[in-house]
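Q: run25.pdb is reproduced in full below (PDB, C-alpha atoms).
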```pdb
ATOM      1  CA  MET A 262     116.555 280.293  62.539
ATOM      2  CA  ASN A 263     117.476 276.669  61.955
ATOM      3  CA  ASP A 264     115.270 275.294  59.203
ATOM      4  CA  ASP A 265     115.703 273.593  55.820
ATOM      5  CA  SER A 266     115.533 276.894  53.952
ATOM      6  CA  SER A 267     118.519 278.460  55.688
ATOM      7  CA  PRO A 268     121.012 279.631  53.038
ATOM      8  CA  PHE A 269     123.876 279.099  55.472
ATOM      9  CA  LEU A 270     123.463 275.361  55.915
ATOM     10  CA  THR A 271     125.904 273.145  54.058
ATOM     11  CA  ASP A 272     125.941 269.421  53.424
ATOM     12  CA  ASP A 273     128.307 269.010  56.358
ATOM     13  CA  MET A 274     125.898 270.625  58.860
ATOM     14  CA  ALA A 275     123.070 268.783  60.495
ATOM     15  CA  LEU A 276     119.670 270.428  60.573
ATOM     16  CA  ASP A 277     118.911 269.474  64.164
ATOM     17  CA  GLY A 278     122.144 270.615  65.751
ATOM     18  CA  GLU A 279     123.830 267.200  65.658
ATOM     19  CA  THR A 280     127.113 266.916  63.846
ATOM     20  CA  GLN A 281     127.234 264.379  61.066
ATOM     21  CA  ALA A 282     129.854 261.657  61.100
ATOM     22  CA  THR A 283     132.936 262.267  59.012
ATOM     23  CA  GLU A 284     134.396 258.756  59.121
ATOM     24  CA  PRO A 285     132.678 255.843  57.361
ATOM     25  CA  THR A 286     131.478 252.960  59.503
ATOM     26  CA  SER A 287     133.060 249.511  59.219
ATOM     27  CA  ARG A 288     129.930 248.354  57.392
ATOM     28  CA  MET A 289     130.386 251.150  54.836
ATOM     29  CA  LEU A 290     134.071 250.305  54.357
ATOM     30  CA  SER A 291     133.251 246.625  53.900
ATOM     31  CA  TRP A 292     130.627 247.536  51.311
ATOM     32  CA  ALA A 293     133.060 249.852  49.481
ATOM     33  CA  ARG A 294     135.708 247.096  49.335
ATOM     34  CA  ASN A 295     133.240 244.509  48.029
ATOM     35  CA  SER A 296     131.703 246.937  45.573
ATOM     36  CA  ALA A 297     135.129 247.895  44.220
ATOM     37  CA  LEU A 298     136.046 244.219  43.799
ATOM     38  CA  TYR A 299     132.796 243.499  41.992
ATOM     39  CA  ARG A 300     133.200 246.439  39.601
ATOM     40  CA  LEU A 301     136.842 245.662  38.829
ATOM     41  CA  GLU A 302     136.001 242.013  38.147
ATOM     42  CA  GLN A 303     133.443 243.134  35.562
ATOM     43  CA  ARG A 304     135.702 245.473  33.576
ATOM     44  CA  MET A 305     138.848 247.521  33.703
ATOM     45  CA  MET A 306     138.283 250.982  35.164
ATOM     46  CA  THR A 307     140.201 254.186  35.684
ATOM     47  CA  GLU A 308     140.690 255.732  39.094
ATOM     48  CA  LYS A 309     138.081 258.386  38.298
ATOM     49  CA  GLN A 310     135.523 255.844  37.084
ATOM     50  CA  LEU A 311     135.884 253.724  40.224
ATOM     51  CA  ARG A 312     135.720 256.708  42.578
ATOM     52  CA  ASP A 313     132.654 258.101  40.789
ATOM     53  CA  ALA A 314     130.872 254.733  40.793
ATOM     54  CA  ILE A 315     131.496 254.122  44.494
ATOM     55  CA  THR A 316     130.470 257.609  45.590
ATOM     56  CA  ARG A 317     127.327 257.536  43.443
ATOM     57  CA  LYS A 318     126.249 254.135  44.792
ATOM     58  CA  ALA A 319     127.151 255.072  48.381
ATOM     59  CA  ARG A 320     124.693 257.984  48.235
ATOM     60  CA  GLU A 321     121.995 255.588  47.015
ATOM     61  CA  LYS A 322     122.753 252.776  49.471
ATOM     62  CA  PHE A 323     123.222 254.653  52.758
ATOM     63  CA  GLU A 324     120.431 257.036  53.738
ATOM     64  CA  ASP A 325     122.092 259.355  56.241
ATOM     65  CA  ILE A 326     125.586 259.406  54.755
ATOM     66  CA  SER A 327     127.525 262.654  54.998
ATOM     67  CA  THR A 328     129.505 264.233  52.177
ATOM     68  CA  ALA A 329     132.733 263.526  54.075
ATOM     69  CA  GLN A 330     131.814 259.849  54.399
ATOM     70  CA  VAL A 331     131.001 259.609  50.683
ATOM     71  CA  LYS A 332     134.349 261.141  49.790
ATOM     72  CA  ALA A 333     136.175 258.849  52.230
ATOM     73  CA  LEU A 334     134.502 255.761  50.744
ATOM     74  CA  GLY A 335     135.566 256.793  47.234
ATOM     75  CA  GLU A 336     139.158 257.277  48.390
ATOM     76  CA  PHE A 337     139.104 254.016  50.334
ATOM     77  CA  ALA A 338     137.926 252.071  47.271
ATOM     78  CA  VAL A 339     140.640 253.614  45.071
ATOM     79  CA  THR A 340     143.359 252.945  47.668
ATOM     80  CA  PHE A 341     142.127 249.374  48.096
ATOM     81  CA  ALA A 342     142.135 248.808  44.305
ATOM     82  CA  TYR A 343     145.690 250.139  43.991
ATOM     83  CA  GLY A 344     146.700 247.930  46.928
ATOM     84  CA  ILE A 345     145.568 244.763  45.166
ATOM     85  CA  LYS A 346     146.991 246.047  41.850
ATOM     86  CA  ALA A 347     143.577 246.047  40.173
ATOM     87  CA  LEU A 348     143.769 249.695  39.145
ATOM     88  CA  ASP A 349     146.325 251.061  36.689
ATOM     89  CA  ASP A 350     145.513 254.174  34.651
ATOM     90  CA  THR A 351     148.656 253.759  32.517
ATOM     91  CA  ALA A 352     147.701 250.228  31.461
ATOM     92  CA  TYR A 353     144.105 251.357  30.898
ATOM     93  CA  ALA A 354     145.289 254.168  28.596
ATOM     94  CA  GLU A 355     147.595 251.871  26.617
ATOM     95  CA  ILE A 356     144.893 249.243  26.132
ATOM     96  CA  ALA A 357     142.252 251.829  25.181
ATOM     97  CA  VAL A 358     144.601 253.430  22.641
ATOM     98  CA  ARG A 359     145.555 250.106  21.024
ATOM     99  CA  SER A 360     141.920 249.064  20.845
ATOM    100  CA  GLY A 361     140.862 252.433  19.464
ATOM    101  CA  GLN A 362     143.610 252.392  16.831
ATOM    102  CA  ARG A 363     142.511 248.933  15.677
ATOM    103  CA  SER A 364     138.920 250.125  15.372
ATOM    104  CA  GLY A 365     139.769 253.246  13.366
ATOM    105  CA  LYS A 366     139.667 255.983  16.012
ATOM    106  CA  SER A 367     141.719 259.143  15.479
ATOM    107  CA  LYS A 368     144.410 260.348  17.867
ATOM    108  CA  ARG A 369     142.256 263.370  18.697
ATOM    109  CA  GLY A 370     139.218 261.187  19.408
ATOM    110  CA  LEU A 371     141.246 258.830  21.584
ATOM    111  CA  ALA A 372     142.725 261.727  23.563
ATOM    112  CA  GLN A 373     139.237 263.082  24.217
ATOM    113  CA  LYS A 374     137.978 259.659  25.312
ATOM    114  CA  LEU A 375     140.902 259.258  27.741
ATOM    115  CA  GLN A 376     140.276 262.711  29.174
ATOM    116  CA  ILE A 377     136.605 261.875  29.767
ATOM    117  CA  LYS A 378     137.628 258.645  31.520
ATOM    118  CA  GLY A 379     139.836 260.633  33.904
ATOM    119  CA  ILE A 380     143.298 259.827  32.510
ATOM    120  CA  ASP A 381     145.728 262.704  33.093
ATOM    121  CA  ARG A 382     147.289 264.451  30.079
ATOM    122  CA  GLU A 383     150.812 263.115  30.594
ATOM    123  CA  THR A 384     149.685 259.478  30.780
ATOM    124  CA  ALA A 385     147.453 259.972  27.737
ATOM    125  CA  ALA A 386     150.276 261.618  25.769
ATOM    126  CA  VAL A 387     152.610 258.681  26.455
ATOM    127  CA  ALA A 388     149.932 256.177  25.431
ATOM    128  CA  LEU A 389     149.164 258.114  22.233
ATOM    129  CA  GLU A 390     152.809 258.391  21.086
ATOM    130  CA  GLU A 391     152.689 255.256  18.937
ATOM    131  CA  THR A 392     149.376 255.994  17.233
ATOM    132  CA  ASN A 393     149.253 256.643  13.517
ATOM    133  CA  ASP A 394     146.280 258.622  12.231
ATOM    134  CA  LEU A 395     146.829 257.470   8.649
ATOM    135  CA  VAL A 396     146.491 253.813   9.651
ATOM    136  CA  ALA A 397     143.432 254.593  11.784
ATOM    137  CA  ALA A 398     141.865 256.562   8.914
ATOM    138  CA  VAL A 399     142.394 253.649   6.506
ATOM    139  CA  ILE A 400     140.765 251.295   9.020
ATOM    140  CA  PHE A 401     137.895 253.764   9.425
ATOM    141  CA  ALA A 402     137.518 253.982   5.619
ATOM    142  CA  ARG A 403     137.446 250.184   5.342
ATOM    143  CA  LYS A 404     134.751 249.926   8.036
ATOM    144  CA  ARG A 405     132.594 252.575   6.356
ATOM    145  CA  ALA A 406     133.384 251.575   2.711
ATOM    146  CA  PHE A 407     134.919 254.985   1.990
ATOM    147  CA  GLY A 408     137.780 256.035  -0.260
ATOM    148  CA  PRO A 409     139.573 253.040  -1.747
ATOM    149  CA  PHE A 410     136.986 250.648  -0.296
ATOM    150  CA  ARG A 411     134.023 252.476  -1.859
ATOM    151  CA  ARG A 412     131.542 250.221  -3.675
ATOM    152  CA  VAL A 413     129.531 252.974  -5.355
ATOM    153  CA  GLN A 414     130.389 255.689  -7.840
ATOM    154  CA  LEU A 415     131.880 258.876  -6.353
ATOM    155  CA  ASP A 416     129.823 262.015  -6.833
ATOM    156  CA  GLU A 417     129.962 265.377  -5.056
ATOM    157  CA  LYS A 418     127.334 264.387  -2.492
ATOM    158  CA  ARG A 419     129.167 261.153  -1.640
ATOM    159  CA  LYS A 420     132.529 262.954  -1.501
ATOM    160  CA  SER A 421     131.131 265.548   0.899
ATOM    161  CA  LYS A 422     129.599 262.814   3.054
ATOM    162  CA  GLU A 423     132.912 260.951   3.309
ATOM    163  CA  PHE A 424     134.962 264.056   4.137
ATOM    164  CA  SER A 425     132.392 265.042   6.775
ATOM    165  CA  ALA A 426     132.595 261.589   8.371
ATOM    166  CA  PHE A 427     136.395 261.799   8.525
ATOM    167  CA  ALA A 428     136.174 265.253  10.143
ATOM    168  CA  ARG A 429     133.525 264.182  12.690
ATOM    169  CA  ASN A 430     135.774 261.328  13.738
ATOM    170  CA  GLY A 431     138.764 263.581  14.384
ATOM    171  CA  PHE A 432     140.747 263.155  11.173
ATOM    172  CA  GLY A 433     142.122 266.281   9.527
ATOM    173  CA  PHE A 434     141.435 267.268   5.913
ATOM    174  CA  GLU A 435     144.932 266.220   4.858
ATOM    175  CA  ILE A 436     144.526 262.664   6.192
ATOM    176  CA  GLY A 437     141.034 262.384   4.688
ATOM    177  CA  SER A 438     142.318 263.542   1.294
ATOM    178  CA  LYS A 439     145.194 261.077   1.412
ATOM    179  CA  VAL A 440     142.896 258.149   2.158
ATOM    180  CA  MET A 441     140.329 259.232  -0.441
ATOM    181  CA  ALA A 442     143.055 259.331  -3.124
ATOM    182  CA  MET A 443     144.482 255.869  -2.294
ATOM    183  CA  THR A 444     144.059 252.736  -4.301
ATOM    184  CA  VAL A 445     142.907 249.543  -2.613
ATOM    185  CA  GLU A 446     146.440 248.146  -2.948
ATOM    186  CA  ASP A 447     147.967 251.193  -1.231
ATOM    187  CA  ALA A 448     145.443 250.955   1.590
ATOM    188  CA  GLU A 449     146.003 247.217   2.066
ATOM    189  CA  GLU A 450     149.771 247.783   2.124
ATOM    190  CA  ILE A 451     149.418 250.419   4.869
ATOM    191  CA  LEU A 452     147.296 248.022   6.901
ATOM    192  CA  ALA A 453     149.721 245.137   6.344
ATOM    193  CA  ASP A 454     152.674 247.239   7.572
ATOM    194  CA  ALA A 455     150.813 248.605  10.616
ATOM    195  CA  PRO A 456     151.818 247.203  14.020
ATOM    196  CA  LEU A 457     148.324 246.346  15.238
TER     197      LEU A 457
END
```
Just give me the structure of the file as structure tokens.
A:
Amino acid sequence: MNDDSSPFLTDDMALDGETQATEPTSRMLSWARNSALYRLEQRMMTEKQLRDAITRKAREKFEDISTAQVKALGEFAVTFAYGIKALDDTAYAEIAVRSGQRSGKSKRGLAQKLQIKGIDRETAAVALEETNDLVAAVIFARKRAFGPFRRVQLDEKRKSKEFSAFARNGFGFEIGSKVMAMTVEDAEEILADAPL
């Protein structure tokens, strides 16, 4: 019984008895190199992002590509990118953290974003060492006109809305309370002293 419905067939097995290739062709490798270059010229990527992009596109581009070939192309692209020094997860994490801090992102939110992008915990922890949630919360409050930057009268509904926004963006109750109780001068002083 050798048909499409066989529960014992895997992606690595051919349906007609032929074995699928495990090594990518030179055309595939050339495509993977060029595709990696193109993607890295467009924006900075993590190792995981590049591997995922190459493997996804390889499945679309090549009709009869095996799972082993797809995996090999992803690894080839990552190795090639490291070889030309176009891939650096540590630098990516540091840049993402600095950018996130300047835009008012919490340490917790930044850590989650780095994890999603494929940055390992140790690299993320090193990049997050210099972050200051109080500074980020003040920046967030300034962007949203909360706390000391509020332009409307504070009532219970508004207060609840502001605390909820702080919580949704990864800031704890203590940080939110501190920012809400600040004067504009205190907030501006924190921002002036921050190493952004």
Q: Kindly indicate which residue among A:Lys346, A:Arg359, A:Arg312, A:Lys404 lies nearest to Ala297 of chain A, using all atoms listed in the file for the distances.
A: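 Checking each candidate against Ala297 of chain A, we get A:Arg312 as the closest.
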Q: Mind telling me what the PyMOL selection byres ((chain A and resi 354) around 8) catches here, as a ChimeraX atom specification?
A: /A:350-353,355-358,375,380,384-385,388
Q: So how many Å separate atom CA of Gly433 of chain A and atom CA of Gly365 of chain A, to one decimal?
A: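 It comes out at 13.8 Å.
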Q: Could you check the closest approach to Tyr299 of chain A for each of A:Ala338, A:Ala455, A:Val331, A:Ile326 and tell me which residue wins, using all atoms listed in the file?
A: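 The shortest atom-to-atom distance to Tyr299 of chain A comes from A:Ala338.
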Q: Do you know which residues are at most 8 Å from Leu452 of chain A counting all atoms listed in the file, after dropping those on the same chain fewer than 3 positions away, and could you put them as a list in words?
A: Val396, Val399, Ile400, Ala448, Glu449 and Ala455 of chain A
Q: Would you pick out the contacts of Ala282 of chain A at 8 Å or less, using all atoms listed in the file, so that residues sharing its chain but fewer than 5 positions from it are not included, and give the list as a list in words?
A: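 Here the qualifying residues turn out to be Ile326, Ser327, Ala329 and Gln330 of chain A.
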Q: Determine the nearest neighbour of Leu301 of chain A from the options A:Leu415, A:Phe341, A:Pro456, A:Pro409, counting all atoms listed in the file.
A: A:Phe341
Q: Could you tell me which of A:Lys439, A:Arg405, A:Arg419, A:Lys378 comes closest to Met305 of chain A if we count only C-alpha atoms?
A: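 Among A:Lys439, A:Arg405, A:Arg419, A:Lys378, it is A:Lys378 that comes nearest to Met305 of chain A.
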Q: Is there a way to complete segment 428-449 of chain A with N, CA and C atoms and then write that out as a PDB file, keeping the file's coordinate frame?
A:
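Contents of selection38.pdb, as written:
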```
ATOM      1  N   ALA A 428     136.028 264.098   9.245  1.00  0.00           N
ATOM      2  CA  ALA A 428     136.174 265.253  10.143  1.00  0.00           C
ATOM      3  C   ALA A 428     135.471 265.005  11.480  1.00  0.00           C
ATOM      4  N   ARG A 429     134.264 264.452  11.453  1.00  0.00           N
ATOM      5  CA  ARG A 429     133.525 264.182  12.690  1.00  0.00           C
ATOM      6  C   ARG A 429     134.270 263.186  13.581  1.00  0.00           C
ATOM      7  N   ASN A 430     135.054 262.334  12.968  1.00  0.00           N
ATOM      8  CA  ASN A 430     135.774 261.328  13.738  1.00  0.00           C
ATOM      9  C   ASN A 430     137.200 261.751  14.075  1.00  0.00           C
ATOM     10  N   GLY A 431     137.501 263.027  13.910  1.00  0.00           N
ATOM     11  CA  GLY A 431     138.764 263.581  14.384  1.00  0.00           C
ATOM     12  C   GLY A 431     139.921 263.549  13.408  1.00  0.00           C
ATOM     13  N   PHE A 432     139.667 263.181  12.166  1.00  0.00           N
ATOM     14  CA  PHE A 432     140.747 263.155  11.173  1.00  0.00           C
ATOM     15  C   PHE A 432     140.772 264.486  10.428  1.00  0.00           C
ATOM     16  N   GLY A 433     141.973 265.024  10.232  1.00  0.00           N
ATOM     17  CA  GLY A 433     142.122 266.281   9.527  1.00  0.00           C
ATOM     18  C   GLY A 433     141.861 266.134   8.039  1.00  0.00           C
ATOM     19  N   PHE A 434     141.715 267.263   7.352  1.00  0.00           N
ATOM     20  CA  PHE A 434     141.435 267.268   5.913  1.00  0.00           C
ATOM     21  C   PHE A 434     142.555 266.578   5.139  1.00  0.00           C
ATOM     22  N   GLU A 435     143.781 266.808   5.561  1.00  0.00           N
ATOM     23  CA  GLU A 435     144.932 266.220   4.858  1.00  0.00           C
ATOM     24  C   GLU A 435     144.890 264.688   4.891  1.00  0.00           C
ATOM     25  N   ILE A 436     144.610 264.131   6.056  1.00  0.00           N
ATOM     26  CA  ILE A 436     144.526 262.664   6.192  1.00  0.00           C
ATOM     27  C   ILE A 436     143.351 262.139   5.367  1.00  0.00           C
ATOM     28  N   GLY A 437     142.200 262.797   5.465  1.00  0.00           N
ATOM     29  CA  GLY A 437     141.034 262.384   4.688  1.00  0.00           C
ATOM     30  C   GLY A 437     141.314 262.400   3.203  1.00  0.00           C
ATOM     31  N   SER A 438     141.977 263.443   2.726  1.00  0.00           N
ATOM     32  CA  SER A 438     142.318 263.542   1.294  1.00  0.00           C
ATOM     33  C   SER A 438     143.255 262.421   0.871  1.00  0.00           C
ATOM     34  N   LYS A 439     144.230 262.144   1.718  1.00  0.00           N
ATOM     35  CA  LYS A 439     145.194 261.077   1.412  1.00  0.00           C
ATOM     36  C   LYS A 439     144.485 259.734   1.265  1.00  0.00           C
ATOM     37  N   VAL A 440     143.606 259.430   2.192  1.00  0.00           N
ATOM     38  CA  VAL A 440     142.896 258.149   2.158  1.00  0.00           C
ATOM     39  C   VAL A 440     141.953 258.096   0.960  1.00  0.00           C
ATOM     40  N   MET A 441     141.265 259.201   0.686  1.00  0.00           N
ATOM     41  CA  MET A 441     140.329 259.232  -0.441  1.00  0.00           C
ATOM     42  C   MET A 441     141.050 259.026  -1.777  1.00  0.00           C
ATOM     43  N   ALA A 442     142.307 259.443  -1.874  1.00  0.00           N
ATOM     44  CA  ALA A 442     143.055 259.331  -3.124  1.00  0.00           C
ATOM     45  C   ALA A 442     143.773 257.989  -3.277  1.00  0.00           C
ATOM     46  N   MET A 443     143.764 257.156  -2.254  1.00  0.00           N
ATOM     47  CA  MET A 443     144.482 255.869  -2.294  1.00  0.00           C
ATOM     48  C   MET A 443     143.794 254.850  -3.189  1.00  0.00           C
ATOM     49  N   THR A 444     144.602 253.915  -3.636  1.00  0.00           N
ATOM     50  CA  THR A 444     144.059 252.736  -4.301  1.00  0.00           C
ATOM     51  C   THR A 444     143.858 251.664  -3.229  1.00  0.00           C
ATOM     52  N   VAL A 445     143.129 250.632  -3.568  1.00  0.00           N
ATOM     53  CA  VAL A 445     142.907 249.543  -2.613  1.00  0.00           C
ATOM     54  C   VAL A 445     144.242 248.900  -2.239  1.00  0.00           C
ATOM     55  N   GLU A 446     145.132 248.758  -3.207  1.00  0.00           N
ATOM     56  CA  GLU A 446     146.440 248.146  -2.948  1.00  0.00           C
ATOM     57  C   GLU A 446     147.253 248.979  -1.966  1.00  0.00           C
ATOM     58  N   ASP A 447     147.243 250.305  -2.154  1.00  0.00           N
ATOM     59  CA  ASP A 447     147.967 251.193  -1.231  1.00  0.00           C
ATOM     60  C   ASP A 447     147.406 251.068   0.192  1.00  0.00           C
ATOM     61  N   ALA A 448     146.088 251.048   0.288  1.00  0.00           N
ATOM     62  CA  ALA A 448     145.443 250.955   1.590  1.00  0.00           C
ATOM     63  C   ALA A 448     145.766 249.625   2.264  1.00  0.00           C
ATOM     64  N   GLU A 449     145.696 248.540   1.510  1.00  0.00           N
ATOM     65  CA  GLU A 449     146.003 247.217   2.066  1.00  0.00           C
ATOM     66  C   GLU A 449     147.462 247.130   2.503  1.00  0.00           C
TER      67      GLU A 449
END
```
